[in-house]
Amino acid sequence: MIFDDEKQRKKDAEEFERIVREMGKIIEEAFKNTPDLQSFIRGFSLKVGEHEQPLMETMSPERDEADIVADENKLYVTLDMPYASEKNIKIKLKHDILEIKATDEIKTIKLPAKVKKKYRKTFRNGVLDLEFEKM
């Protein structure tokens, strides 16, 4: 039988996502009764580098730019927003310009490709992740 790399990669990605969700639950439970931690909460950005090696980058409250990663079909935007709350985040998309409003802050990002209006949003520990399908 021929080994199917595509199926194994999908299985590995699903397992990784399951582990990340479980870690998120554990961290959320550990810190749910802790007072304001926004001054030191950090996030991370995980990318696939050359030769498919994982690259992890720490994101801190001082960082202002967005990480934008694209594959054949999707565009991923990760933005550090340590002082925002999920209910106050508003997202607008016009052509290839992404506008993110949170409280009194507005961030405008020019995307490297045109994307569909529908997107998937995750906001956890001050890190906003957006996933768009390319047109």
# chains A, B, ... in the order shown; residues from 1 in each chain; ligands from 1
>>> residues_around(residues="stretch 85-94 of chain A", least_positions_apart="4", cutoff="7 Å", atoms="only C-alpha atoms", output="list of chain:residue names")
A:Leu98, A:Glu99, A:Ile100, A:Lys101, A:Ala102, A:Thr103, A:Lys117, A:Phe123
>>> atom_distance(atom1="atom CA of A:Leu111", atom2="atom CA of A:Glu72")
14.6 Å
>>> closest_residue(among="A:Thr78, A:Thr108, A:Asn73, A:Gln53", to="A:Gly126", atoms="only C-alpha atoms")
A:Thr78
>>> select_by_dssp(residues="stretch 50-117 of chain A", states="strand (DSSP E)", output="PyMOL selection string")
chain A and resi 54-59+66-70+74-80+89-94+97-102+105-110+115-117
>>> closest_residue(among="A:Glu105, A:Glu14, A:Asp96, A:Asp80", to="A:Glu65", atoms="only C-alpha atoms")
A:Asp80
>>> residues_around(residues="A:Tyr76", least_positions_apart="3", cutoff="9 Å", atoms="only C-alpha atoms", output="list of chain:residue names")
A:Asp67, A:Ile68, A:Val69, A:Ala70, A:Asp71, A:Asp129, A:Leu130, A:Glu131, A:Phe132, A:Glu133
>>> write_last_selection(atoms="C-alpha atoms", output="mmCIF file, in the first residue's frame")
data_model
loop_
_atom_site.group_PDB
_atom_site.id
_atom_site.type_symbol
_atom_site.label_atom_id
_atom_site.label_comp_id
_atom_site.auth_asym_id
_atom_site.auth_seq_id
_atom_site.Cartn_x
_atom_site.Cartn_y
_atom_site.Cartn_z
ATOM 1 C CA ASP A 67 1.454 38.276 10.865
ATOM 2 C CA ILE A 68 0.052 37.327 7.472
ATOM 3 C CA VAL A 69 0.554 33.831 6.113
ATOM 4 C CA ALA A 70 -0.891 32.487 2.865
ATOM 5 C CA ASP A 71 -1.199 29.084 1.324
ATOM 6 C CA ASP A 129 -6.608 35.039 14.481
ATOM 7 C CA LEU A 130 -8.514 35.457 11.222
ATOM 8 C CA GLU A 131 -8.786 32.917 8.432
ATOM 9 C CA PHE A 132 -9.986 33.935 4.967
ATOM 10 C CA GLU A 133 -10.574 31.946 1.787
#
>>> closest_residue(among="A:His95, A:Lys114, A:Lys11, A:Arg124", to="A:Pro82", atoms="only C-alpha atoms")
A:Arg124
>>> closest_residue(among="A:Lys25, A:Lys74, A:Arg18, A:Lys7", to="A:Asn125", atoms="only C-alpha atoms")
A:Lys25
>>> residues_around(residues="A:Met81", least_positions_apart="3", cutoff="7 Å", atoms="only C-alpha atoms", output="PDB file with N, CA and C atoms, in the first residue's frame")
ATOM      1  N   ALA A  84      -7.810  44.488  24.043  1.00  0.00           N
ATOM      2  CA  ALA A  84      -9.148  44.415  23.449  1.00  0.00           C
ATOM      3  C   ALA A  84      -9.957  43.301  24.099  1.00  0.00           C
ATOM      4  N   GLY A 126      -5.777  37.673  24.142  1.00  0.00           N
ATOM      5  CA  GLY A 126      -5.308  38.897  23.503  1.00  0.00           C
ATOM      6  C   GLY A 126      -4.749  38.727  22.105  1.00  0.00           C
ATOM      7  N   VAL A 127      -4.927  37.546  21.512  1.00  0.00           N
ATOM      8  CA  VAL A 127      -4.421  37.306  20.157  1.00  0.00           C
ATOM      9  C   VAL A 127      -5.607  37.028  19.236  1.00  0.00           C
ATOM     10  N   LEU A 128      -5.722  37.842  18.191  1.00  0.00           N
ATOM     11  CA  LEU A 128      -6.792  37.700  17.211  1.00  0.00           C
ATOM     12  C   LEU A 128      -6.266  36.921  16.015  1.00  0.00           C
TER      13      LEU A 128
END
>>> closest_residue(among="A:Leu75, A:Ile106, A:Ala30, A:Ile19", to="A:Tyr119", atoms="only C-alpha atoms")
A:Leu75
